[in-house]
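Novice: Handing you this structure, nothing more for now.
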Amino acid sequence: MASFLFVKTEPKHVIFPMEMRTFVTPLSILIKMNDNITIAIDGVSGSGKSTMARTLAKKYGFLYVDSGAMYRAVTYYAIQHHYLSDGELLKNVLSADLNKIDISFAKDGHTILNGQDVEKEIRSMDVAAGVSLVAAVPEVRMAMVMLQRAISAHNSVVMDGRDIGTVVFPNANVKLFVTSDPKVRAQRRLDELKAKGTEVDFESVLKNIVERDRIDSTREVSPLTKADDAIELDNSYMSIEEQNAILDKIISETLAKKTSK
Ligand code: CDP
């Protein structure tokens, strides 16, 4: 007769061991089981963190915050007001002006500085050349970190930057640290800039990337560094599809481990 009578199992046969359960719980369920998830993506300049963060936020319905765009907006403000030129930054004057700098994001993700859409301007090479100097000013960092936390309050969020897993959200649910070969990064950034109609050569882009990595990693306040509990990902030779598959795996496994604790 019915063979199902013979498959009546002891509980030990139906409960997965803890390590196996982490692989079988679907990501959508893990996300529902956690309220307000934070994914922190840090890493070197031009390693594709923003694309990665934007893709993840769209896929999971989280808020995306580009913290680099905020430092770029402050830098653009400094250039406009002649506080920054030829690599010289008037730090005190800029710090005193911080209460006059209002940064927000439009629905389409564009960066708004004091009511003006500055998305195109903040991606220029002039801004790229000065942003690491501006981002090393402690008062600027303090103001940006406060803003980053305020924007993210009561939301699940994916934020990318340099100090997200170490300073902004040290308790983030998932922390990634992205690295990539400097030449590969420079080529990707060159393609991006050219696609937007900016005339620039490979050597200048490479030089800027290497210089920003140097300043960002050696500054005194919140230097670019991997959080102890961050997962490192070198995407130099990874296709977008491979990267997406790896990210899904990392995020599912990390959330599953934390949920089962
Ligand atoms: O996209 P890309 O890697 O070129 O840089 P970004 O994320 O737009 O950041 C621009 C610059 O802002 C970095 O080189 C850092 O100097 C600074 N930054 C920072 O200090 N801390 C962050 N959380 C994000 C960016």
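Identifiers for the structure tokens are assigned positionally: chains receive A, B, ... in sequence, residues are indexed from 1 per chain, and ligands are indexed from 1 in the order shown.
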If we count only C-alpha atoms and set the cut-off at 12 Å, which residues sit around Ile240 (chain A), ignoring sequence neighbours fewer than 5 positions away in its own chain? Please answer as a list of chain:residue names.
Specialist: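 Residues near the query, excluding close chain neighbours: A:Gly48, A:Lys49, A:Thr51, A:Met52, A:Thr55, A:Asn235, A:Ala245, A:Ile246, A:Leu247.
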Novice: Kindly compile the residues surrounding ligand 1 within 8 Å, counting only C-alpha atoms and all ligand atoms, and format them as an mmCIF file with C-alpha atoms, in the first residue's frame.
Specialist:
```cif
data_model
loop_
_atom_site.group_PDB
_atom_site.id
_atom_site.type_symbol
_atom_site.label_atom_id
_atom_site.label_comp_id
_atom_site.auth_asym_id
_atom_site.auth_seq_id
_atom_site.Cartn_x
_atom_site.Cartn_y
_atom_site.Cartn_z
ATOM 1 C CA ASP A 42 34.105 49.694 1.393
ATOM 2 C CA GLY A 43 37.113 49.503 -0.836
ATOM 3 C CA VAL A 44 39.672 51.174 -3.050
ATOM 4 C CA SER A 45 38.921 53.932 -5.595
ATOM 5 C CA GLY A 46 37.067 52.927 -8.712
ATOM 6 C CA SER A 47 36.614 49.298 -7.694
ATOM 7 C CA GLY A 48 32.975 49.300 -8.765
ATOM 8 C CA LYS A 49 31.511 49.618 -5.271
ATOM 9 C CA SER A 50 28.810 52.030 -6.390
ATOM 10 C CA ASP A 66 26.636 56.806 -2.183
ATOM 11 C CA SER A 67 28.771 58.293 0.604
ATOM 12 C CA GLY A 68 31.526 59.211 -1.877
ATOM 13 C CA ALA A 69 29.067 61.494 -3.688
ATOM 14 C CA MET A 70 28.699 63.477 -0.443
ATOM 15 C CA TYR A 71 32.459 64.081 -0.144
ATOM 16 C CA ARG A 72 32.497 64.951 -3.838
ATOM 17 C CA ARG A 123 32.180 63.290 -11.304
ATOM 18 C CA ALA A 128 38.377 63.746 -8.224
ATOM 19 C CA VAL A 131 38.217 65.059 -2.955
ATOM 20 C CA SER A 132 40.710 63.067 -0.879
ATOM 21 C CA LEU A 133 42.095 66.294 0.617
ATOM 22 C CA VAL A 134 38.598 67.412 1.570
ATOM 23 C CA ALA A 135 37.674 63.950 2.887
ATOM 24 C CA ALA A 136 40.675 64.014 5.247
ATOM 25 C CA ARG A 141 33.944 63.679 8.054
ATOM 26 C CA ASP A 160 29.395 52.321 -0.156
ATOM 27 C CA GLY A 161 32.514 54.272 0.766
ATOM 28 C CA ARG A 162 35.774 53.964 2.676
ATOM 29 C CA ASP A 163 34.749 53.878 6.361
ATOM 30 C CA ILE A 164 31.231 52.440 6.289
ATOM 31 C CA ARG A 189 36.760 54.624 -14.946
ATOM 32 C CA ILE A 209 43.178 56.480 -8.557
ATOM 33 C CA ARG A 212 43.467 58.785 -3.859
ATOM 34 C CA ASP A 213 44.144 55.263 -2.544
ATOM 35 C CA ILE A 215 45.738 59.610 0.721
ATOM 36 C CA ASP A 216 42.595 57.672 1.763
ATOM 37 C CA SER A 222 38.925 57.057 9.447
ATOM 38 C CA PRO A 223 41.513 55.762 6.986
ATOM 39 C CA LEU A 224 40.463 53.316 4.309
#
```
Novice: Extract the full set of strand (DSSP E) residues from region 61-189 of chain A according to DSSP on the backbone, and format it as a list in words.
Specialist: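 Result set for region 61-189 of chain A (strand (DSSP E)): Leu63, Tyr64, Val65, Asp66, Leu84, Ser85, Glu88, Leu89, Ile103, Ser104, Phe105, Thr111, Ile112, Leu113, Gln116, Asp117, Val157, Val158, Met159, Asp160, Gly161, Val174, Lys175, Leu176, Phe177, Val178 and Thr179 of chain A.
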Novice: Within 9 Å of Ile251 (chain A), counting only C-alpha atoms, which residues show up once you throw out same-chain ones fewer than 3 positions away? Write them as a PyMOL selection string, please.
Specialist: chain A and resi 27+39+173-174+246-248+254-256
Novice: Could those selected residues go to a file with N, CA and C atoms, as a compact mmCIF listing (two decimals), in the first residue's frame?
Specialist:
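This is the output file again_28.txt:
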```
# COMPACT_ATOMS: atom_id res chain seq x y z
N LEU A 27 17.20 33.84 0.45
CA LEU A 27 17.59 35.20 0.83
C LEU A 27 16.37 36.07 1.15
N ILE A 39 24.01 46.93 4.70
CA ILE A 39 25.11 46.32 3.96
C ILE A 39 26.15 47.42 3.72
N ASN A 173 25.13 44.44 9.12
CA ASN A 173 24.86 43.00 9.03
C ASN A 173 25.84 42.32 8.08
N VAL A 174 26.15 43.01 6.98
CA VAL A 174 27.09 42.44 6.01
C VAL A 174 28.13 43.51 5.68
N ILE A 246 28.33 35.79 -6.73
CA ILE A 246 29.15 35.71 -5.51
C ILE A 246 28.54 36.56 -4.40
N LEU A 247 28.08 37.76 -4.77
CA LEU A 247 27.49 38.65 -3.76
C LEU A 247 26.26 38.02 -3.13
N ASP A 248 25.39 37.42 -3.96
CA ASP A 248 24.19 36.78 -3.42
C ASP A 248 24.58 35.70 -2.41
N THR A 254 26.05 35.14 5.09
CA THR A 254 26.32 36.01 6.25
C THR A 254 25.04 36.25 7.04
N LEU A 255 23.94 36.55 6.34
CA LEU A 255 22.68 36.81 7.05
C LEU A 255 22.20 35.55 7.75
N ALA A 256 22.35 34.40 7.08
CA ALA A 256 21.88 33.14 7.67
C ALA A 256 22.65 32.84 8.95
```
Novice: Considering only C-alpha atoms, return as a PyMOL selection string whatever protein or nucleic-acid residues lie within 8 Å of Leu176 (chain A), sequence-local ones (same chain, fewer than 6 positions apart) excluded.
Specialist: chain A and resi 39-43+165+230-233
Novice: From the options A:Val65, A:Val158, A:Leu89, A:Leu147, which residue's atoms come nearest to Phe105 (chain A), counting only C-alpha atoms?
Specialist: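 Looking only at the distances to Phe105 (chain A), the closest residue turns out to be A:Val65.
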Novice: Can you tell me, as a ChimeraX atom specification, which residues in region 152-218 of chain A count as alpha helix (DSSP H) by DSSP?
Specialist: /A:152,182-195,202-218
Novice: For Ser85 (chain A), which residue among A:Glu220, A:Ser236, A:Val127, A:Thr225 is the nearest when counting only C-alpha atoms?
Specialist: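 Answer, going by the shortest atom-to-atom distance: A:Val127.
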Novice: For a quick check of understanding, using only C-alpha atoms, which of A:Phe177, A:Glu192, A:Val184, A:Gly197 has the smallest distance to Ile250 (chain A)?
Specialist: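 Comparing A:Phe177, A:Glu192, A:Val184, A:Gly197 against Ile250 (chain A), the winner is A:Phe177.
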Novice: Quick one: residues within 12 Å of Asp191 (chain A), only C-alpha atoms counted, chain neighbours fewer than 4 positions away excluded, as a VMD selection string?
Specialist: chain A and resid 46 184 to 187 195 to 202 205
Novice: Looking at A:Ile103, A:Leu63, A:Leu30, A:Ile79, which one is nearest to Ser156 (chain A), with distances taken over only C-alpha atoms?
Specialist: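 So, comparing all the options, the nearest one is A:Leu63.
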